[in-house]
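Listing of start19.txt; format and content: compact mmCIF, C-alpha atoms.
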# COMPACT_ATOMS: atom_id res chain seq x y z
CA MET A 1 236.84 -116.43 270.39
CA LYS A 2 239.56 -114.53 268.59
CA LYS A 3 237.58 -114.61 265.35
CA LEU A 4 234.44 -113.24 267.04
CA LEU A 5 236.35 -110.15 268.12
CA SER A 6 238.07 -109.66 264.77
CA THR A 7 237.08 -106.92 262.34
CA GLY A 8 238.37 -108.89 259.35
CA TYR A 9 236.19 -110.96 257.07
CA SER A 10 236.55 -113.34 254.19
CA ASP A 11 235.06 -112.94 250.72
CA LEU A 12 232.81 -115.93 251.42
CA SER A 13 231.32 -114.43 254.58
CA PHE A 14 230.87 -111.06 252.86
CA ASN A 15 229.01 -112.57 249.91
CA ILE A 16 226.84 -114.81 252.10
CA SER A 17 225.97 -111.74 254.19
CA LEU A 18 224.97 -109.77 251.10
CA PHE A 19 222.90 -112.74 249.90
CA LEU A 20 221.02 -112.85 253.22
CA LEU A 21 220.68 -109.06 253.26
CA ARG A 22 219.00 -109.22 249.85
CA VAL A 23 216.85 -112.32 250.21
CA VAL A 24 215.39 -112.10 253.72
CA PRO A 25 214.19 -108.46 253.70
CA GLY A 26 213.24 -108.81 250.03
CA LEU A 27 210.98 -111.76 250.83
CA MET A 28 209.55 -109.99 253.86
CA ILE A 29 208.59 -106.84 251.98
CA MET A 30 207.38 -108.74 248.92
CA VAL A 31 205.17 -111.22 250.80
CA ASN A 32 204.01 -109.13 253.78
CA HIS A 33 203.53 -105.79 252.03
CA GLY A 34 203.69 -106.01 248.23
CA TYR A 35 201.60 -109.15 247.73
CA ASP A 36 199.02 -107.95 250.25
CA LYS A 37 198.65 -104.65 248.40
CA LEU A 38 198.52 -106.47 245.06
CA VAL A 39 195.68 -108.84 245.99
CA HIS A 40 193.72 -106.11 247.79
CA PHE A 41 194.28 -103.44 245.15
CA ALA A 42 190.57 -102.81 244.51
CA GLU A 43 189.84 -102.34 248.22
CA ARG A 44 192.79 -100.00 248.85
CA LYS A 45 192.97 -97.91 245.68
CA ASN A 46 190.68 -95.14 246.96
CA LYS A 47 192.02 -95.11 250.54
CA PHE A 48 195.78 -95.16 249.83
CA MET A 49 197.91 -92.11 250.59
CA ASN A 50 197.98 -89.62 247.69
CA PHE A 51 201.65 -88.79 247.26
CA LEU A 52 202.67 -85.68 245.28
CA GLY A 53 199.16 -85.29 243.89
CA LEU A 54 199.48 -88.37 241.70
CA GLY A 55 196.24 -89.80 242.99
CA SER A 56 195.75 -92.63 245.44
CA THR A 57 195.40 -95.29 242.70
CA THR A 58 198.67 -94.28 241.00
CA SER A 59 200.46 -94.01 244.35
CA LEU A 60 199.29 -97.51 245.28
CA ALA A 61 200.35 -98.90 241.88
CA LEU A 62 203.83 -97.39 242.33
CA ALA A 63 204.08 -98.85 245.84
CA ILE A 64 203.08 -102.28 244.51
CA PHE A 65 205.63 -101.99 241.71
CA ALA A 66 208.36 -101.28 244.26
CA GLU A 67 207.29 -103.62 247.05
CA PHE A 68 206.43 -106.61 244.90
CA PHE A 69 208.17 -106.49 241.53
CA CYS A 70 211.34 -104.61 242.51
CA ALA A 71 211.64 -106.69 245.68
CA PHE A 72 211.48 -109.83 243.52
CA LEU A 73 214.34 -108.51 241.37
CA VAL A 74 216.36 -107.68 244.49
CA ILE A 75 215.83 -111.22 245.79
CA LEU A 76 217.12 -112.61 242.50
CA GLY A 77 219.93 -110.10 242.41
CA LEU A 78 218.92 -108.98 238.92
CA PHE A 79 219.38 -105.27 238.15
CA THR A 80 219.83 -105.01 241.90
CA ARG A 81 220.88 -101.41 242.35
CA LEU A 82 218.28 -100.17 239.88
CA SER A 83 215.62 -102.31 241.63
CA ALA A 84 216.64 -101.12 245.09
CA LEU A 85 216.13 -97.46 244.18
CA PRO A 86 212.27 -97.58 244.04
CA LEU A 87 212.32 -99.51 247.32
CA VAL A 88 214.43 -96.80 248.95
CA ILE A 89 212.04 -94.13 247.65
CA VAL A 90 208.87 -95.93 248.79
CA MET A 91 210.36 -96.64 252.23
CA ALA A 92 211.45 -93.01 252.58
CA VAL A 93 207.89 -91.92 251.72
CA ALA A 94 206.49 -94.48 254.18
CA LEU A 95 208.81 -93.27 256.94
CA PHE A 96 208.78 -89.51 256.46
CA LYS A 97 205.32 -88.92 254.96
CA ALA A 98 203.07 -91.73 256.21
CA ASN A 99 204.72 -92.07 259.65
CA ASN A 100 205.81 -88.43 260.01
CA GLY A 101 209.42 -89.49 260.54
CA GLU A 102 208.57 -91.18 263.83
CA ILE A 103 211.09 -93.99 263.86
CA PHE A 104 210.10 -95.25 267.31
CA ASN A 105 206.32 -94.81 267.10
CA GLY A 106 205.16 -96.97 264.21
CA GLY A 107 207.82 -96.22 261.61
CA GLU A 108 210.27 -98.93 262.71
CA ASP A 109 209.55 -101.23 259.76
CA ALA A 110 209.93 -98.45 257.22
CA ALA A 111 213.17 -97.27 258.86
CA LEU A 112 214.64 -100.77 258.87
CA PHE A 113 213.64 -101.49 255.27
CA LEU A 114 214.95 -98.07 254.21
CA THR A 115 218.31 -98.83 255.83
CA VAL A 116 218.55 -102.31 254.28
CA PHE A 117 217.64 -101.24 250.75
CA ALA A 118 219.86 -98.14 250.92
CA THR A 119 222.72 -100.45 251.93
CA ILE A 120 221.98 -102.76 248.99
CA LEU A 121 221.85 -99.72 246.70
CA LEU A 122 225.30 -98.63 247.88
CA VAL A 123 227.05 -102.01 248.17
CA GLY A 124 225.42 -103.97 245.37
CA PRO A 125 224.16 -107.54 245.16
CA GLY A 126 227.30 -109.52 245.89
CA LYS A 127 228.70 -112.55 244.12
CA TYR A 128 225.72 -114.86 244.79
CA SER A 129 223.25 -113.08 242.53
CA VAL A 130 222.24 -113.03 238.89
CA ASP A 131 224.18 -109.77 238.49
CA GLY A 132 227.21 -111.43 240.12
CA ILE A 133 226.99 -114.44 237.81
CA MET A 134 226.67 -112.20 234.75
CA GLY A 135 229.71 -110.24 235.90
CA LYS A 136 228.02 -106.86 236.32
Rewrite the structure of this file - the entire thing - as structure tokens.
Amino acid sequence: MKKLLSTGYSDLSFNISLFLLRVVPGLMIMVNHGYDKLVHFAERKNKFMNFLGLGSTTSLALAIFAEFFCAFLVILGLFTRLSALPLVIVMAVALFKANNGEIFNGGEDAALFLTVFATILLVGPGKYSVDGIMGK
């Protein structure tokens, strides 16, 4: 009981927490969002949100790059901070542009993913990652 109320932590628990923080949301966004957009690219390319006048096809390709490929790198913990940056950007666009900043009315997923990937961007991948093994 004393440990549950403690604010201290061990290096092991910290690194396991960072591992879970990378892998679980990374898999969720990659499989549920990125892969779905990737396999349905042809159907969605003309209907996707046109961000910054880039065109809906380019905007969709950038979202796929972030949600599938960058999420895969985050899961591995390879170039983690660099890979988390496009995810932060795409989740910020999803929250503030696509969902009009409505955190409680449809933008919950984007807000949660934005928070998770911003945390990974700030904290890094942890010891149990490719970056951690390489000593970056």
May I ask for the distance between atom CA of A:Ala63 and atom CA of A:Asp36, given in Å to one decimal place?
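Computing it gives 11.3 Å between the two atoms.
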Would you give me, as a Markdown table, each residue of stretch 113-133 of chain A having an atom within 10 Å of an atom of stretch 81-87 of chain A, along with its shortest atom pair and that distance in Å to one decimal, using all atoms listed in the file and sorting by chain and residue number?
| residue | atom | partner | partner_atom | distance |
| --- | --- | --- | --- | --- |
| A:Phe113 | CA | A:Leu87 | CA | 8.3 |
| A:Leu114 | CA | A:Leu87 | CA | 7.5 |
| A:Val116 | CA | A:Ala84 | CA | 9.5 |
| A:Phe117 | CA | A:Ala84 | CA | 5.7 |
| A:Ala118 | CA | A:Ala84 | CA | 7.3 |
| A:Thr119 | CA | A:Ala84 | CA | 9.2 |
| A:Ile120 | CA | A:Ala84 | CA | 6.8 |
| A:Leu121 | CA | A:Arg81 | CA | 4.8 |
| A:Leu122 | CA | A:Arg81 | CA | 7.6 |
| A:Val123 | CA | A:Arg81 | CA | 8.5 |
| A:Gly124 | CA | A:Arg81 | CA | 6.0 |
| A:Pro125 | CA | A:Arg81 | CA | 7.5 |
| A:Asp131 | CA | A:Arg81 | CA | 9.8 |
Checklist entry - What is the atom CA of A:Gly55-atom CA of A:Glu102 distance in Å, reported with one decimal? => result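 Between these atoms lies a distance of 24.3 Å.
Atom CA of A:Lys45 is positioned 22.0 Å from atom CA of A:Asp109.
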Would you mind telling me which residue in A:Arg44, A:His33, A:Val130, A:Gly77 lies nearest to A:Ala110 when using all atoms listed in the file?
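The closest residue to A:Ala110 is A:His33.
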Any idea what's packed within 12 Å of A:Asn15, counting only C-alpha atoms, ignoring anything in its chain fewer than 3 positions away? Could you give it as a ChimeraX atom specification? /A:9-12,18-22,123-129,132
